[in-house]
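Asker: Next up, run.cif (mmCIF, C-alpha atoms and all ligand atoms).
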```
data_structure
loop_
_atom_site.label_atom_id
_atom_site.label_comp_id
_atom_site.auth_asym_id
_atom_site.auth_seq_id
_atom_site.Cartn_x
_atom_site.Cartn_y
_atom_site.Cartn_z
CA MET A 23 0.00 0.00 0.00
CA SER A 24 1.47 3.37 -0.95
CA ILE A 25 0.88 6.06 1.63
CA GLU A 26 -0.11 9.50 0.47
CA LYS A 27 1.80 12.35 2.17
CA THR A 28 -1.15 14.45 3.33
CA ASP A 29 -2.93 11.37 4.60
CA PHE A 30 0.23 10.35 6.49
CA ARG A 31 0.60 13.81 8.07
CA GLN A 32 -3.04 13.82 9.16
CA THR A 33 -2.67 10.36 10.64
CA LEU A 34 0.43 11.35 12.60
CA GLY A 35 -1.48 14.45 13.77
CA CYS A 36 -3.77 12.14 15.77
CA PHE A 37 -0.88 11.67 18.17
CA ALA A 38 -1.07 14.65 20.56
CA THR A 39 2.29 16.05 21.65
CA GLY A 40 3.78 18.84 23.66
CA ILE A 41 5.79 21.49 21.84
CA THR A 42 9.41 22.47 22.26
CA VAL A 43 11.77 25.01 20.80
CA ILE A 44 15.13 23.33 20.33
CA THR A 45 18.14 25.62 20.09
CA THR A 46 21.83 25.63 19.34
CA VAL A 47 24.44 28.14 18.16
CA ASP A 48 26.02 28.54 14.74
CA ASP A 49 29.73 28.90 13.89
CA ASP A 50 29.62 32.64 14.63
CA GLY A 51 27.93 32.10 18.00
CA GLY A 52 24.54 33.27 16.68
CA PRO A 53 21.35 31.71 18.09
CA VAL A 54 19.62 28.99 16.05
CA GLY A 55 16.33 27.30 16.87
CA LEU A 56 13.16 25.66 15.63
CA THR A 57 9.80 24.52 16.88
CA ALA A 58 9.80 20.73 17.29
CA ASN A 59 7.23 18.23 18.52
CA SER A 60 9.39 15.16 17.82
CA PHE A 61 11.13 15.58 21.17
CA THR A 62 10.89 12.61 23.51
CA SER A 63 12.63 11.07 26.49
CA LEU A 64 14.99 8.16 25.80
CA SER A 65 16.91 7.00 28.88
CA LEU A 66 16.82 7.69 32.60
CA ASP A 67 20.32 6.41 33.37
CA PRO A 68 22.19 8.00 31.76
CA PRO A 69 19.67 10.82 31.25
CA MET A 70 19.03 11.03 27.50
CA VAL A 71 16.49 12.60 25.17
CA LEU A 72 16.04 12.73 21.40
CA PHE A 73 14.41 14.74 18.65
CA CYS A 74 14.13 14.41 14.89
CA LEU A 75 15.54 17.10 12.62
CA ASP A 76 14.52 17.74 9.02
CA ARG A 77 17.55 17.57 6.70
CA ASN A 78 16.13 20.35 4.53
CA ILE A 79 15.81 23.21 7.02
CA GLN A 80 18.18 26.14 7.46
CA SER A 81 19.17 25.10 10.99
CA PHE A 82 20.33 21.65 9.94
CA GLU A 83 24.04 22.36 9.65
CA ALA A 84 24.24 24.25 12.93
CA PHE A 85 22.74 21.28 14.80
CA HIS A 86 24.87 18.84 12.86
CA ASP A 87 28.10 20.76 13.47
CA ASN A 88 27.58 21.88 17.08
CA ARG A 89 27.93 19.27 19.80
CA HIS A 90 25.19 20.70 22.01
CA PHE A 91 21.51 21.65 22.01
CA ALA A 92 18.92 22.95 24.45
CA VAL A 93 15.27 21.95 24.71
CA ASN A 94 12.71 24.56 25.80
CA ILE A 95 9.35 22.95 26.69
CA LEU A 96 6.60 25.46 25.95
CA SER A 97 3.71 26.36 28.21
CA ALA A 98 0.11 26.97 27.10
CA GLY A 99 0.76 30.73 26.98
CA GLN A 100 3.58 30.40 24.43
CA LYS A 101 1.66 29.79 21.18
CA ASP A 102 3.29 32.89 19.71
CA VAL A 103 6.74 31.48 20.53
CA SER A 104 5.86 28.21 18.79
CA SER A 105 4.60 30.03 15.67
CA ARG A 106 7.64 32.31 15.58
CA PHE A 107 10.12 29.40 15.72
CA ALA A 108 8.18 27.40 13.13
CA GLN A 109 9.22 30.08 10.61
CA SER A 110 12.39 29.63 8.63
CA GLY A 111 15.34 32.02 8.93
CA ALA A 112 17.29 33.99 11.50
CA GLU A 113 14.75 36.87 11.81
CA LYS A 114 12.76 34.74 14.25
CA TRP A 115 15.24 35.74 16.97
CA SER A 116 14.55 39.47 16.80
CA GLY A 117 13.40 40.70 20.22
CA VAL A 118 13.56 37.24 21.83
CA GLU A 119 14.92 37.23 25.39
CA PHE A 120 17.09 34.30 26.41
CA GLU A 121 19.87 33.32 28.74
CA THR A 122 22.69 30.85 28.20
CA TRP A 123 24.14 28.18 30.47
CA GLU A 124 27.36 26.21 29.91
CA THR A 125 27.15 25.62 26.15
CA GLY A 126 25.77 28.94 24.87
CA CYS A 127 22.57 27.34 23.52
CA PRO A 128 19.62 29.72 24.04
CA ILE A 129 17.45 29.02 27.10
CA LEU A 130 14.09 30.74 26.53
CA GLU A 131 12.16 32.53 29.25
CA GLY A 132 8.74 31.47 30.53
CA CYS A 133 8.96 27.78 29.60
CA LEU A 134 7.67 24.80 31.61
CA ALA A 135 11.17 23.32 31.59
CA ASN A 136 14.56 23.66 29.93
CA LEU A 137 17.21 21.00 29.31
CA GLU A 138 20.77 21.46 28.11
CA CYS A 139 22.36 18.51 26.31
CA ASP A 140 25.57 17.27 24.72
CA ILE A 141 24.94 15.50 21.42
CA GLU A 142 25.65 11.83 22.01
CA SER A 143 24.94 10.55 18.49
CA ILE A 144 23.12 11.32 15.24
CA HIS A 145 21.26 8.60 13.31
CA GLU A 146 19.82 8.46 9.80
CA GLY A 147 16.04 8.54 9.54
CA GLY A 148 14.79 9.06 5.98
CA ASP A 149 14.43 12.78 5.30
CA HIS A 150 15.20 13.50 8.98
CA VAL A 151 18.02 12.62 11.36
CA ILE A 152 17.50 11.47 14.93
CA ILE A 153 19.61 13.50 17.35
CA ILE A 154 20.28 11.89 20.71
CA GLY A 155 21.49 14.06 23.56
CA GLU A 156 22.84 13.39 27.01
CA VAL A 157 21.19 15.82 29.42
CA LYS A 158 23.65 17.87 31.45
CA ARG A 159 21.50 20.51 33.13
CA ILE A 160 17.77 20.99 33.76
CA ALA A 161 15.37 23.61 35.13
CA ARG A 162 11.61 23.46 35.75
CA ALA A 163 8.96 26.08 36.47
CA ASP A 164 6.79 24.00 38.87
CA ASP A 165 4.28 26.87 38.95
CA GLY A 166 1.24 24.90 37.80
CA SER A 167 1.41 26.22 34.21
CA ALA A 168 -0.32 24.07 31.59
CA PRO A 169 1.60 22.72 28.58
CA LEU A 170 1.16 23.81 24.98
CA ILE A 171 -0.34 20.85 23.10
CA TYR A 172 -0.35 20.11 19.36
CA PHE A 173 -3.11 17.90 18.00
CA ARG A 174 -4.49 17.40 14.46
CA GLY A 175 -2.45 20.33 13.14
CA SER A 176 -3.67 22.85 15.74
CA TYR A 177 -2.79 24.05 19.21
CA ALA A 178 -5.00 22.61 21.92
CA GLY A 179 -5.47 22.67 25.66
CA LEU A 180 -5.24 19.55 27.80
CA ASN A 181 -9.03 19.15 27.55
CA GLY A 182 -9.02 19.64 23.79
CA GLY A 183 -9.91 23.35 24.02
C1 LIG B 201 4.08 21.99 15.74
C2 LIG B 201 5.33 21.89 14.90
C3 LIG B 201 6.24 20.88 15.16
C4 LIG B 201 7.41 20.76 14.39
N1 LIG B 201 8.29 19.76 14.69
C5 LIG B 201 9.45 19.66 13.97
C6 LIG B 201 10.39 18.64 14.31
O1 LIG B 201 10.21 17.86 15.22
N2 LIG B 201 11.54 18.58 13.57
C7 LIG B 201 11.80 19.45 12.53
O2 LIG B 201 12.86 19.34 11.91
N3 LIG B 201 10.91 20.43 12.20
C8 LIG B 201 9.75 20.55 12.91
N4 LIG B 201 8.86 21.55 12.61
C9 LIG B 201 9.15 22.45 11.51
C10 LIG B 201 10.19 23.53 11.87
O3 LIG B 201 9.82 24.24 13.03
C11 LIG B 201 10.28 24.51 10.68
O4 LIG B 201 10.69 23.79 9.52
C12 LIG B 201 11.23 25.67 10.89
O5 LIG B 201 10.84 26.70 9.99
C13 LIG B 201 12.68 25.39 10.63
O6 LIG B 201 13.39 26.62 10.70
P1 LIG B 201 14.77 26.88 9.92
O7 LIG B 201 14.53 26.65 8.45
O8 LIG B 201 15.11 28.31 10.26
O9 LIG B 201 15.76 25.91 10.47
C14 LIG B 201 7.67 21.69 13.35
C15 LIG B 201 6.75 22.72 13.11
C16 LIG B 201 5.59 22.82 13.87
C17 LIG B 201 4.62 23.94 13.60
#
```
In structure tokens, what does this structure look like?

Answerer:
Amino acid sequence: MSIEKTDFRQTLGCFATGITVITTVDDDGGPVGLTANSFTSLSLDPPMVLFCLDRNIQSFEAFHDNRHFAVNILSAGQKDVSSRFAQSGAEKWSGVEFETWETGCPILEGCLANLECDIESIHEGGDHVIIIGEVKRIARADDGSAPLIYFRGSYAGLNGG
């Protein structure tokens, strides 16, 4: 059975996810980042996570060449952040406040949680690569904020609203 692309996307959209902005830095130390819902946990000991990166996006080389990335897990109030980082190009950083930890990867403000990782390995995955990171530092809001959810191609609340 051949699977049609739109049909495949819509089928995958039935799997509700949280949303992250995953960041790194380019050769000149400039911030790089994209909205990603392919993030998932991988291992507790050692602490590892992964995400899938499209080979055809502008950020690809920066992630491939840098040995670190940061994961910013978005809260329900950060739809605008998700939309901004789903756009291609460096302009998405204009006016964005962030701090940096050990590796220089941008840590965004107002997130549910942030993780800083060393890239452990990169694996082939069709038109994407799977990037596995060992987590080196974490922070969490613990303020009762709800997560930003993505479901059937739209943002949703935990109760579908
Ligand atoms: C909800 C959502 C989830 C996304 N998840 C991913 C993902 O997991 N991996 C990926 O490579 N792109 C993902 N994208 C697409 C990138 O955010 C988008 O291609 C971005 O423009 C890339 O920016 P760049 O070209 O500046 O690197 C997602 C987009 C949206 C809206």

Asker: Could you tell me which of A:Phe73, A:Phe91, A:Phe120, A:Phe85 comes closest to ligand LIG 201 (chain B) if we count only C-alpha atoms and all ligand atoms?

Answerer: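 So, comparing all the options, the nearest one is A:Phe73.
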
Asker: Pick from A:Leu130, A:Met23, A:Val93, A:Asp48: nearest to Ser60 (chain A), with all atoms listed in the file counted?

Answerer: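 For Ser60 (chain A), the nearest of the given residues is A:Val93.
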
Asker: Have a look at A:Cys74, A:Phe173, A:Ile44, A:Lys27 and name the one nearest to Phe107 (chain A); count all atoms listed in the file.

Answerer: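 For Phe107 (chain A), the nearest of the candidates is A:Ile44.
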
Asker: Counting all atoms listed in the file, which of A:Glu26, A:Asp67, A:Glu83, A:Glu131 gets nearest to ligand LIG 201 (chain B)?

Answerer: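 The shortest atom-to-atom distance to ligand LIG 201 (chain B) comes from A:Glu83.
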
Asker: Give the residues close to ligand LIG 201 (chain B), within 6 Å, counting all atoms listed in the file; write them as a count of residues only.

Answerer: 16

Asker: Could you check how far CA of Glu146 (chain A) sits from CA of Leu72 (chain A), in Å to one decimal?

Answerer: 12.9 Å

Asker: In Å to one decimal, how far is CA of Phe61 (chain A) from CA of Gly155 (chain A)?

Answerer: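 Those two atoms sit 10.7 Å apart.
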
Asker: Calculated over all atoms listed in the file, which of the candidates A:Met70, A:Val103, A:Cys139, A:Ser97 has the smallest distance to Ser116 (chain A)?

Answerer: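 Between A:Met70, A:Val103, A:Cys139, A:Ser97, the residue approaching Ser116 (chain A) most closely is A:Val103.
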
Asker: Please produce, as a Markdown table, a per-residue contact table for region 92-113 of chain A versus region 35-41 of chain A (criterion: any atom at most 10 Å away, only C-alpha atoms considered), showing the nearest atom pair and its distance in Å to one decimal, sorted by chain then residue number.

Answerer:
```
| residue | atom | partner | partner_atom | distance |
| --- | --- | --- | --- | --- |
| A:Val93 | CA | A:Ile41 | CA | 9.9 |
| A:Asn94 | CA | A:Ile41 | CA | 8.5 |
| A:Ile95 | CA | A:Ile41 | CA | 6.2 |
| A:Leu96 | CA | A:Ile41 | CA | 5.8 |
| A:Ser97 | CA | A:Ile41 | CA | 8.3 |
| A:Ala98 | CA | A:Ile41 | CA | 9.5 |
| A:Gln100 | CA | A:Ile41 | CA | 9.5 |
| A:Lys101 | CA | A:Ile41 | CA | 9.3 |
| A:Ser104 | CA | A:Ile41 | CA | 7.4 |
```
